[in-house]
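Colleague: Here it is: the structure, laid out below.
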Amino acid sequence: MPRTIGFNLTHKLKQMLLLLQQLPGNSSRIPLVLGPPASGKTALLNQLGRKAPSLWRLSRVQGAADVNSLGLVRQLALDWMPGRQVNRKSELLQGLADLRQRGLLPVLLVDDAERLPQEALRMLLQLRRDAGEQGFYPILFADNQQLEELKRLTGAEPLQLLYLSPWSAEEVAAFYKLEKGKAASHSQLDRLLERSAGWPGRVVELLDDPSALRPSYFNLLLGLLLGLLAISALFFPRLPEPEPEPEPEPEPAEQIQMDQARLDQARPAQPSAPVAAPLPKPEPAPTPLPPPPASLAEPNLIGDEQQVLTLGLPELEPAPEPAPPAPAPPPLKLKDNAWLRQQSSKGYTLALGRFHELDQLHLFAGKHRLEPEQPLAR
């Protein structure tokens with residue numbers, strides 16, 4: 001972050017800075033400052049370095065993948081003991097003891113601690129254990145998403161967790177006024193809060209970019225279109241909705257069929273007349289036998305008695321009498337069409353048939369056992 005303006009604007013930042021100044025030498029816990037990117041961790045570290053007590057001997061390490069243990073030992077010795085040659089860990093421990101005897105407190109500030117290699121971080125913690133709790137004091141700054149990994153690496157070392165929080169709307173407005181020398185408009189403040197989410201680092205980046213707080217062309221175009229739509233709705237009446245087209249009326253033949261179907265559904269069902277079984281056909285009369293020969297038919301008369309010569313033939317049984325002919329069906333009542341039109345539609349059930357001759361009508365009526373009283377029209 002290019003500058004650290006704003007720490008005197010909020011009570012929370014001033015409390016955080018005061019706490020970090022008092023923890024070294026008064027607590028055995030390692031402070032761990034947590035926050036997302038652009039939350040102000042680096043700015044707080046820089047401000048702590050400027051406001052450090054006079055008895056502190058500061059060393060700052062930037063977390064990176066290329067940091068190794070030997071280079072780290074040499075950097076600590078250079079920051080804490082300038083002018084002293086240190087090549088081994090034992091020589092560094094002796095120098096820390098000399099600083100404590102002089103009443104000085106070595107303090108190590110580690111920015112982006114989650115980026116340090118595991119070997120380098122473990123070496124720092126082991127160095128602190130070897131030098132004793134009063135040997136030197138580390139303060140770690142890290143991303144809050146790496147908290148669990150840092151807890152796993154630090155192991156049994158006690159940690160003092162300190163969380164950074166975003167600025168409120170009042171704090172952002174006060175920082176804007178301090179930077180620009182004038183109060184921010186409502187639209188500028190809204191865009192600043194929307195794009196920074198209140199994180200201090202992001203607020204500073206947006207204020208350094210003059211075009212960041214200008215409304216985008218897309219928003220301008222969208223607002224223009226919405227305004228035109230609102231104006232058109234006020235001055236132009238709404239077009240009437242088209243009326244639905246009426247359904248076409250059915251043809252007369254279709255209407256007659258529909259009316260007849262509704263009439264058939266509404267008419268109660270009439271019980272059907274019982275159908276009698278057809279009469280058995282008369283059996284044909286037996287064919288008469290041919291007359292016997294004259295020699296057999298004429299009897300020989302002996303005296304007054306007549307003897308019949310059978311010549312071994314069986315005696316013939318008399319032929320049964322033929323069955324009387326079936327009675328003729330009663331005459332049907334035939335009516336004309338004029339009589340049929342005069343009848344009520346509820347009194348009869350109309351059945352249509354086509355016959356070429358009147359005898360066919362009589363056969364049909366006899367086959368289906370139509371009652372004699374039922375009139376037939378032709």
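Chain lettering (A, B, ...) mirrors the order of the structure tokens, residue numbering begins at 1 for each chain separately, and ligand numbering begins at 1 in order of display.
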Which residues, written as a list in words, have at least one atom at most 8 Å from range 38-46 of chain A, with only C-alpha atoms counted and residues fewer than 4 positions away on the same chain left out?
Modeller: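 Contacts, with the query itself left out: Met1, Arg3, Thr4, Leu17, Val33, Leu34, Arg50, Leu109, Asp111, Phe141, Ala142, Leu164, Ser165, Pro166, Trp199, Pro200, Gly201 and Arg202 of chain A.
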Colleague: Write out the residues from the selection above, keeping C-alpha atoms, as a compact mmCIF listing (two decimals), in the first residue's frame.
Modeller:
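Full text of out19.txt as output:
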# COMPACT_ATOMS: atom_id res chain seq x y z
CA MET A 1 0.00 0.00 0.00
CA ARG A 3 0.60 5.21 2.22
CA THR A 4 -0.86 4.54 5.68
CA LEU A 17 -2.02 -0.62 16.87
CA VAL A 33 -3.16 -10.55 12.44
CA LEU A 34 -5.69 -11.96 9.96
CA ARG A 50 7.01 3.68 12.47
CA LEU A 109 7.47 -8.66 11.71
CA ASP A 111 4.22 -10.11 6.30
CA PHE A 141 0.41 -11.07 9.35
CA ALA A 142 -1.45 -13.58 7.16
CA LEU A 164 -9.15 -6.81 10.67
CA SER A 165 -12.63 -5.56 9.69
CA PRO A 166 -13.84 -3.34 6.78
CA TRP A 199 -11.63 -2.66 2.83
CA PRO A 200 -9.01 0.10 3.32
CA GLY A 201 -6.53 -1.11 0.72
CA ARG A 202 -9.20 -1.21 -1.97
Colleague: Find the residues near Arg60 in chain A: any atom within 12 Å, counting only C-alpha atoms, skip ones fewer than 5 places away on the same chain, and give them as a PyMOL selection string.
Modeller: chain A and resi 42+45-46+48-49+72+75-80+106-113+137-141
Colleague: List the neighbours of Ala156 in chain A out to 12 Å using only C-alpha atoms; skip same-chain residues closer than 4 positions along the sequence, and give me the result as number ranges by chain.
Modeller: A: 29-30, 122, 125-126, 129, 150-152
Colleague: How many Å separate CA of Leu55 in chain A from CA of Arg102 in chain A?
Modeller: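 Separation of CA of Leu55 in chain A and CA of Arg102 in chain A: 9.7 Å.
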